[in-house]
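File shown here: upload_8.cif, holding mmCIF, C-alpha atoms and all ligand atoms.
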data_my_file
#
loop_
_atom_site.label_atom_id
_atom_site.label_comp_id
_atom_site.auth_asym_id
_atom_site.auth_seq_id
_atom_site.Cartn_x
_atom_site.Cartn_y
_atom_site.Cartn_z
CA MET A 7 -7.83 47.68 -31.63
CA THR A 8 -6.06 49.96 -29.18
CA ASN A 9 -2.86 51.82 -30.12
CA GLN A 10 -1.04 49.86 -27.44
CA THR A 11 -2.05 46.56 -29.09
CA ALA A 12 -1.07 47.81 -32.55
CA GLU A 13 2.31 49.00 -31.27
CA HIS A 14 2.91 45.79 -29.34
CA TYR A 15 2.38 43.53 -32.36
CA GLY A 16 4.20 45.95 -34.67
CA ARG A 17 7.20 45.53 -32.37
CA VAL A 18 7.09 41.76 -31.85
CA ALA A 19 6.22 40.74 -35.43
CA ALA A 20 9.81 40.17 -36.58
CA THR A 21 10.57 37.67 -33.80
CA TYR A 22 7.05 36.34 -33.24
CA ASP A 23 7.51 32.91 -34.83
CA GLU A 24 10.84 32.36 -33.12
CA HIS A 25 9.36 33.17 -29.70
CA TRP A 26 6.06 31.43 -30.07
CA THR A 27 7.29 28.19 -31.63
CA TYR A 28 8.04 26.52 -28.31
CA SER A 29 8.91 23.56 -30.52
CA PRO A 30 7.85 22.42 -34.03
CA ASP A 31 6.03 19.54 -32.36
CA TYR A 32 4.03 21.98 -30.21
CA VAL A 33 2.73 23.83 -33.28
CA GLN A 34 1.92 20.54 -35.00
CA ARG A 35 -0.02 19.14 -32.01
CA PHE A 36 -1.82 22.42 -31.45
CA SER A 37 -2.94 22.78 -35.06
CA GLN A 38 -4.15 19.19 -35.10
CA ALA A 39 -6.21 19.86 -31.95
CA MET A 40 -7.88 22.83 -33.70
CA ILE A 41 -8.52 20.82 -36.87
CA ASP A 42 -10.13 18.07 -34.80
CA ALA A 43 -12.20 20.48 -32.69
CA LEU A 44 -13.63 22.17 -35.80
CA ARG A 45 -13.80 18.91 -37.79
CA LEU A 46 -12.31 20.76 -40.73
CA THR A 47 -12.71 19.26 -44.17
CA ARG A 48 -11.32 20.16 -47.59
CA SER A 49 -14.60 21.71 -48.70
CA ASP A 50 -14.86 24.18 -45.79
CA ALA A 51 -14.53 27.93 -46.35
CA ILE A 52 -12.19 28.79 -43.46
CA ALA A 53 -11.09 32.10 -41.90
CA ASP A 54 -8.43 32.58 -39.24
CA ILE A 55 -9.19 35.92 -37.57
CA GLY A 56 -6.25 37.42 -35.71
CA CYS A 57 -4.05 34.97 -37.62
CA GLY A 58 -0.89 37.00 -36.91
CA THR A 59 2.02 35.62 -38.92
CA GLY A 60 0.00 32.52 -39.81
CA LEU A 61 2.16 30.29 -37.64
CA TYR A 62 -0.79 27.93 -37.10
CA THR A 63 -2.76 28.77 -40.27
CA ARG A 64 0.06 27.43 -42.47
CA ARG A 65 -0.07 24.15 -40.63
CA ILE A 66 -3.86 23.93 -40.92
CA ALA A 67 -3.63 24.69 -44.67
CA ARG A 68 -0.98 22.01 -45.12
CA ASP A 69 -2.89 19.34 -43.20
CA VAL A 70 -6.47 20.07 -44.35
CA GLU A 71 -5.65 21.12 -47.95
CA PRO A 72 -8.89 23.10 -48.32
CA THR A 73 -10.00 23.62 -51.90
CA ARG A 74 -10.35 27.39 -51.26
CA PRO A 75 -7.59 29.49 -49.69
CA ILE A 76 -7.86 30.14 -45.95
CA LEU A 77 -8.79 33.77 -45.31
CA CYS A 78 -6.05 35.12 -43.04
CA VAL A 79 -7.32 38.22 -41.24
CA ASP A 80 -5.23 40.51 -39.05
CA PRO A 81 -5.26 44.28 -38.45
CA VAL A 82 -1.49 44.67 -37.90
CA PRO A 83 0.42 45.01 -41.20
CA ALA A 84 3.75 43.92 -39.68
CA MET A 85 2.19 40.62 -38.54
CA LEU A 86 0.35 39.95 -41.80
CA ASP A 87 3.50 40.76 -43.80
CA ARG A 88 5.05 37.64 -42.26
CA LEU A 89 2.36 35.41 -43.72
CA PRO A 90 4.01 33.26 -46.39
CA ALA A 91 2.91 34.11 -49.92
CA ARG A 92 1.12 30.87 -50.82
CA PRO A 93 -2.00 30.26 -52.87
CA ALA A 94 -3.50 28.41 -49.90
CA LEU A 95 -3.40 31.57 -47.71
CA ARG A 96 -5.33 34.72 -48.60
CA PRO A 97 -4.33 37.75 -46.50
CA LEU A 98 -6.86 40.39 -45.44
CA LEU A 99 -5.77 43.43 -43.46
CA ALA A 100 -8.74 43.96 -41.13
CA SER A 101 -9.81 43.56 -37.54
CA ALA A 102 -12.48 41.21 -36.24
CA GLU A 103 -14.58 44.32 -35.65
CA ASP A 104 -14.19 45.39 -39.31
CA LEU A 105 -15.52 42.05 -40.53
CA ALA A 106 -18.22 41.79 -37.88
CA SER A 107 -19.61 45.24 -38.65
CA GLY A 108 -19.45 44.80 -42.43
CA ARG A 109 -16.94 47.70 -42.78
CA VAL A 110 -14.82 45.11 -44.57
CA ALA A 111 -16.71 42.55 -46.66
CA LEU A 112 -15.81 38.90 -47.00
CA PRO A 113 -14.12 38.27 -50.34
CA ASP A 114 -16.68 37.00 -52.86
CA ASP A 115 -19.35 37.49 -50.14
CA THR A 116 -19.13 33.74 -49.45
CA PRO A 117 -20.30 32.71 -45.95
CA LEU A 118 -17.75 30.95 -43.77
CA ASP A 119 -18.01 27.32 -42.69
CA ALA A 120 -15.33 27.64 -40.02
CA ILE A 121 -13.82 30.53 -38.11
CA VAL A 122 -10.69 30.14 -35.99
CA LEU A 123 -9.84 32.82 -33.43
CA LYS A 124 -6.68 31.79 -31.64
CA GLU A 125 -5.56 34.10 -28.86
CA SER A 126 -7.13 37.18 -30.35
CA VAL A 127 -10.52 37.38 -28.58
CA HIS A 128 -9.01 39.25 -25.62
CA HIS A 129 -8.07 42.08 -28.01
CA MET A 130 -11.64 42.73 -29.16
CA THR A 131 -12.89 46.06 -27.90
CA ASP A 132 -16.57 45.05 -27.79
CA ARG A 133 -16.69 41.26 -27.59
CA GLU A 134 -20.49 40.94 -27.50
CA GLU A 135 -21.08 43.00 -30.63
CA THR A 136 -18.07 41.59 -32.48
CA LEU A 137 -18.85 37.93 -31.81
CA ASP A 138 -22.47 38.53 -32.74
CA GLY A 139 -21.34 40.04 -36.05
CA LEU A 140 -18.90 37.20 -36.76
CA VAL A 141 -21.59 34.59 -36.09
CA GLY A 142 -23.63 36.35 -38.78
CA LEU A 143 -20.90 35.47 -41.32
CA LEU A 144 -21.31 31.72 -40.80
CA SER A 145 -22.95 29.37 -43.28
CA ARG A 146 -25.65 26.95 -42.14
CA HIS A 147 -22.88 24.40 -41.41
CA GLY A 148 -20.89 27.09 -39.60
CA ARG A 149 -18.60 26.48 -36.65
CA ILE A 150 -16.41 28.83 -34.67
CA LEU A 151 -13.48 27.95 -32.42
CA ILE A 152 -12.13 30.47 -29.95
CA VAL A 153 -8.85 29.34 -28.46
CA MET A 154 -7.85 31.30 -25.39
CA LEU A 155 -5.88 31.03 -22.20
CA PRO A 156 -7.87 30.62 -19.01
CA ARG A 157 -7.71 33.45 -16.46
CA THR A 158 -5.09 31.65 -14.38
CA ILE A 159 -2.02 30.36 -16.17
CA GLN A 160 1.00 28.30 -15.17
CA HIS A 161 3.57 30.11 -17.33
CA PRO A 162 6.68 30.95 -15.32
CA LEU A 163 6.02 34.70 -15.37
CA PHE A 164 6.85 37.06 -12.52
CA GLY A 165 4.18 37.91 -9.93
CA ALA A 166 3.05 41.27 -11.31
CA ALA A 167 2.61 39.78 -14.81
CA HIS A 168 0.37 37.02 -13.42
CA ASP A 169 -1.74 39.61 -11.58
CA ARG A 170 -2.10 41.85 -14.63
CA PHE A 171 -2.92 38.87 -16.85
CA GLN A 172 -5.73 37.85 -14.53
CA GLU A 173 -7.15 41.38 -14.57
CA LEU A 174 -7.21 41.53 -18.37
CA GLN A 175 -8.09 38.02 -19.49
CA PRO A 176 -11.77 37.30 -20.15
CA ASP A 177 -13.38 34.17 -18.73
CA PRO A 178 -13.91 31.40 -21.34
CA ALA A 179 -17.35 30.65 -19.84
CA ASP A 180 -18.42 34.24 -20.57
CA ILE A 181 -17.20 33.91 -24.17
CA SER A 182 -19.22 30.71 -24.53
CA ASP A 183 -22.28 32.58 -23.21
CA LEU A 184 -21.75 35.30 -25.81
CA LEU A 185 -21.74 32.67 -28.58
CA ALA A 186 -24.97 31.21 -27.19
CA ALA A 187 -26.50 34.69 -27.03
CA ALA A 188 -25.56 35.13 -30.70
CA GLY A 189 -27.63 32.03 -31.55
CA LEU A 190 -25.06 29.20 -31.54
CA ARG A 191 -24.85 26.03 -29.50
CA SER A 192 -21.68 26.39 -27.50
CA SER A 193 -19.31 24.49 -25.25
CA VAL A 194 -16.00 24.95 -23.43
CA SER A 195 -13.35 22.25 -23.09
CA TYR A 196 -9.69 22.34 -22.18
CA ARG A 197 -6.51 21.07 -23.82
CA THR A 198 -3.12 20.80 -22.19
CA PHE A 199 0.16 21.16 -24.08
CA HIS A 200 3.31 20.33 -22.18
CA VAL A 201 6.12 22.84 -22.65
CA SER A 202 9.78 22.36 -21.86
CA ILE A 203 12.11 25.25 -22.60
CA ASP A 204 15.60 26.43 -21.67
CA ARG A 205 15.51 29.12 -19.02
CA GLU A 206 17.85 31.42 -20.97
CA ARG A 207 15.71 31.17 -24.07
CA TYR A 208 12.64 31.95 -21.98
CA ILE A 209 14.38 35.03 -20.59
CA HIS A 210 14.90 36.29 -24.15
CA MET A 211 11.19 35.74 -24.75
CA LEU A 212 10.31 37.76 -21.65
CA GLU A 213 12.69 40.52 -22.74
CA ALA A 214 10.97 40.56 -26.15
CA ARG A 215 7.58 40.83 -24.35
CA TYR A 216 6.44 37.66 -26.11
CA MET A 217 3.05 37.73 -24.36
CA SER A 218 0.99 40.87 -24.87
CA VAL A 219 0.52 41.22 -21.09
CA LEU A 220 4.25 42.00 -20.90
CA GLY A 221 3.56 45.07 -23.04
CA GLU A 222 1.74 46.46 -20.00
CA PHE A 223 5.05 47.02 -18.19
CA SER A 224 7.61 49.81 -18.59
CA ASP A 225 11.20 48.85 -19.40
CA ALA A 226 12.17 49.32 -15.75
CA GLU A 227 9.23 47.24 -14.47
CA LEU A 228 10.01 44.47 -16.94
CA LYS A 229 13.66 44.47 -15.91
CA ALA A 230 12.65 44.17 -12.24
CA GLY A 231 10.23 41.36 -13.10
CA ILE A 232 12.92 39.46 -15.01
CA GLU A 233 15.29 39.81 -12.05
CA GLN A 234 12.59 38.33 -9.84
CA PHE A 235 12.13 35.53 -12.39
CA ARG A 236 15.91 34.85 -12.49
CA HIS A 237 15.94 34.52 -8.74
CA SER A 238 12.91 32.21 -8.59
CA TYR A 239 14.28 29.90 -11.30
CA ARG A 240 17.99 30.12 -10.48
CA ASP A 241 18.21 26.32 -9.99
CA THR A 242 16.01 25.41 -12.98
CA PRO A 243 17.96 25.43 -16.26
CA VAL A 244 15.04 23.87 -18.13
CA LEU A 245 11.53 25.14 -17.40
CA ARG A 246 8.66 22.70 -17.67
CA PHE A 247 5.06 23.78 -17.44
CA ASP A 248 1.60 22.87 -18.65
CA ASP A 249 0.05 25.25 -21.12
CA HIS A 250 -3.72 24.89 -20.59
CA PHE A 251 -5.98 26.34 -23.26
CA ALA A 252 -9.73 26.76 -23.36
CA PHE A 253 -11.34 25.65 -26.63
CA VAL A 254 -14.64 27.56 -26.81
CA LYS A 255 -16.70 26.11 -29.62
CA GLY A 256 -19.87 27.37 -31.21
CA TRP A 257 -21.89 25.81 -33.99
CA VAL A 258 -25.00 26.73 -35.92
CA PRO A 259 -27.83 24.55 -34.59
CA PRO A 260 -29.44 22.22 -37.15
CA LYS A 261 -32.76 23.54 -38.48
C1 LIG B 301 -1.33 36.48 -29.68
S1 LIG B 301 -1.41 36.92 -31.38
C2 LIG B 301 -2.03 35.39 -32.04
C3 LIG B 301 -1.67 35.19 -33.48
C4 LIG B 301 -2.04 33.82 -34.04
N1 LIG B 301 -3.47 33.57 -33.94
C5 LIG B 301 -1.25 32.75 -33.31
O1 LIG B 301 -1.83 32.05 -32.48
O2 LIG B 301 -0.04 32.63 -33.60
C6 LIG B 301 -2.83 37.97 -31.45
C7 LIG B 301 -3.13 38.50 -32.85
O3 LIG B 301 -4.40 39.19 -32.81
C8 LIG B 301 -4.31 40.32 -33.62
N2 LIG B 301 -5.34 41.28 -33.20
C9 LIG B 301 -5.27 42.28 -32.31
N3 LIG B 301 -6.44 42.94 -32.23
C10 LIG B 301 -7.28 42.32 -33.09
C11 LIG B 301 -8.63 42.55 -33.49
N4 LIG B 301 -9.34 43.54 -32.97
N5 LIG B 301 -9.16 41.75 -34.44
C12 LIG B 301 -8.44 40.72 -34.97
N6 LIG B 301 -7.15 40.47 -34.63
C13 LIG B 301 -6.58 41.26 -33.71
C14 LIG B 301 -2.90 40.83 -33.41
O4 LIG B 301 -2.48 41.68 -34.45
C15 LIG B 301 -2.12 39.52 -33.36
O5 LIG B 301 -1.64 39.15 -34.62
#
Turn this file's structure into structure tokens for me.
Ligand SMILES: C[S@@+](CC[C@H](N)C(=O)[O-])C[C@H]1O[C@@H](n2cnc3c(N)ncnc32)[C@H](O)[C@@H]1O
Amino acid sequence: MTNQTAEHYGRVAATYDEHWTYSPDYVQRFSQAMIDALRLTRSDAIADIGCGTGLYTRRIARDVEPTRPILCVDPVPAMLDRLPARPALRPLLASAEDLASGRVALPDDTPLDAIVLKESVHHMTDREETLDGLVGLLSRHGRILIVMLPRTIQHPLFGAAHDRFQELQPDPADISDLLAAAGLRSSVSYRTFHVSIDRERYIHMLEARYMSVLGEFSDAELKAGIEQFRHSYRDTPVLRFDDHFAFVKGWVPPK
């Protein structure tokens, strides 16, 4: 993890849930889509890697009621500190790279039946090596779900933020290829979540750099971008946009 990433999440942790919960219904629908994609069951050993504050993990735990706690892995203490203290959630301060390389062992050395990586794959420093290592942690029923934004997004950001996002964001098809290279069957599909949000609330989210791409801009650049945004959306008190997500799935092929 780069220092910039660590600093970004250290800064946004306190307001993360407020800014990312577009609406309670959004979180509910999203979690259900991940549960369905992974076909999670109560008996699965589950890990959420890059779980952040556990905004989605809590929901998954509540709806799936796994018999073992969900392993909640994140390298940023300020994010993991926000994880509710519940028996169903087991925090582990580590990066995906730490787990993949074996620097940090899985608790009880139990293989994982399901790994969720929601919006954290773009932070991996060596995606090929890290995904290969994570695949090695799967049981023979293992599945992995990588949820990520596509390279082009419809969020109402300012122009420079869209450009920078496109430069940084990996292509879901390449991530699927990495899973296949690591020995899994893999597929990419897309889900759309409709978002409707007050413009003024969205401006607060931009000011708080709610997406990590906004951490790429200096205070002055962000201010200029928000002015541009204000101008573009001056007649739109409620913003409506489609949030498209790639669901990259990998599963251990049957023997
Ligand atoms: C956009 S947030 C997503 C959090 C959560 N999955 C969600 O959807 O609410 C990205 C998370 O990835 C974590 N992260 C950054 N680098 C990471 C790495 N190398 N390995 C695992 N997680 C990482 C950050 O600390 C942050 O909590």
Would you kindly return, as an MDAnalysis selection string, each protein, DNA or RNA residue with an atom no farther than 12 Å from any atom of region 80-89 of chain A, considering only C-alpha atoms and excluding same-chain residues fewer than 3 positions away?
-> chainID A and resid 7:23 53:65 76:77 92:105 110 123:124 126 129:130
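Residues near the point (5.1, 36.6, -28.9), at a distance of 6 Å or less over all atoms listed in the file, make up Tyr22, His25, Trp26, Tyr216 and Met217 of chain A.
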Return the single residue from A:Gly221, A:Gly256, A:Pro178, A:Pro72 that is closest to ligand LIG 301 (chain B), with distances computed using only C-alpha atoms and all ligand atoms.
-> A:Gly221
Of the candidates A:Ile159, A:Ser218, A:Ser29, A:Ile209, which one gets nearest to ligand LIG 301 (chain B) if we count all atoms listed in the file?
->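 Among the listed residues, A:Ser218 lies closest to ligand LIG 301 (chain B).
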Find the residues near Tyr32 (chain A): any atom within 9 Å, counting only C-alpha atoms, skip ones fewer than 4 places away on the same chain, and give them as a ChimeraX atom specification.
-> /A:27-28,36-37,199-201
Counting all atoms listed in the file, find the residues whose atoms lie at most 9 Å from (-22.8, 31.5, -35.8) (file coordinates) and write them out as a PyMOL selection string.
-> chain A and resi 137-146+148-150+185-186+188-191+256-259
Rounded to one decimal place, report the CA of Ile203 (chain A)-CA of Pro156 (chain A) distance in Å.
-> 21.0 Å
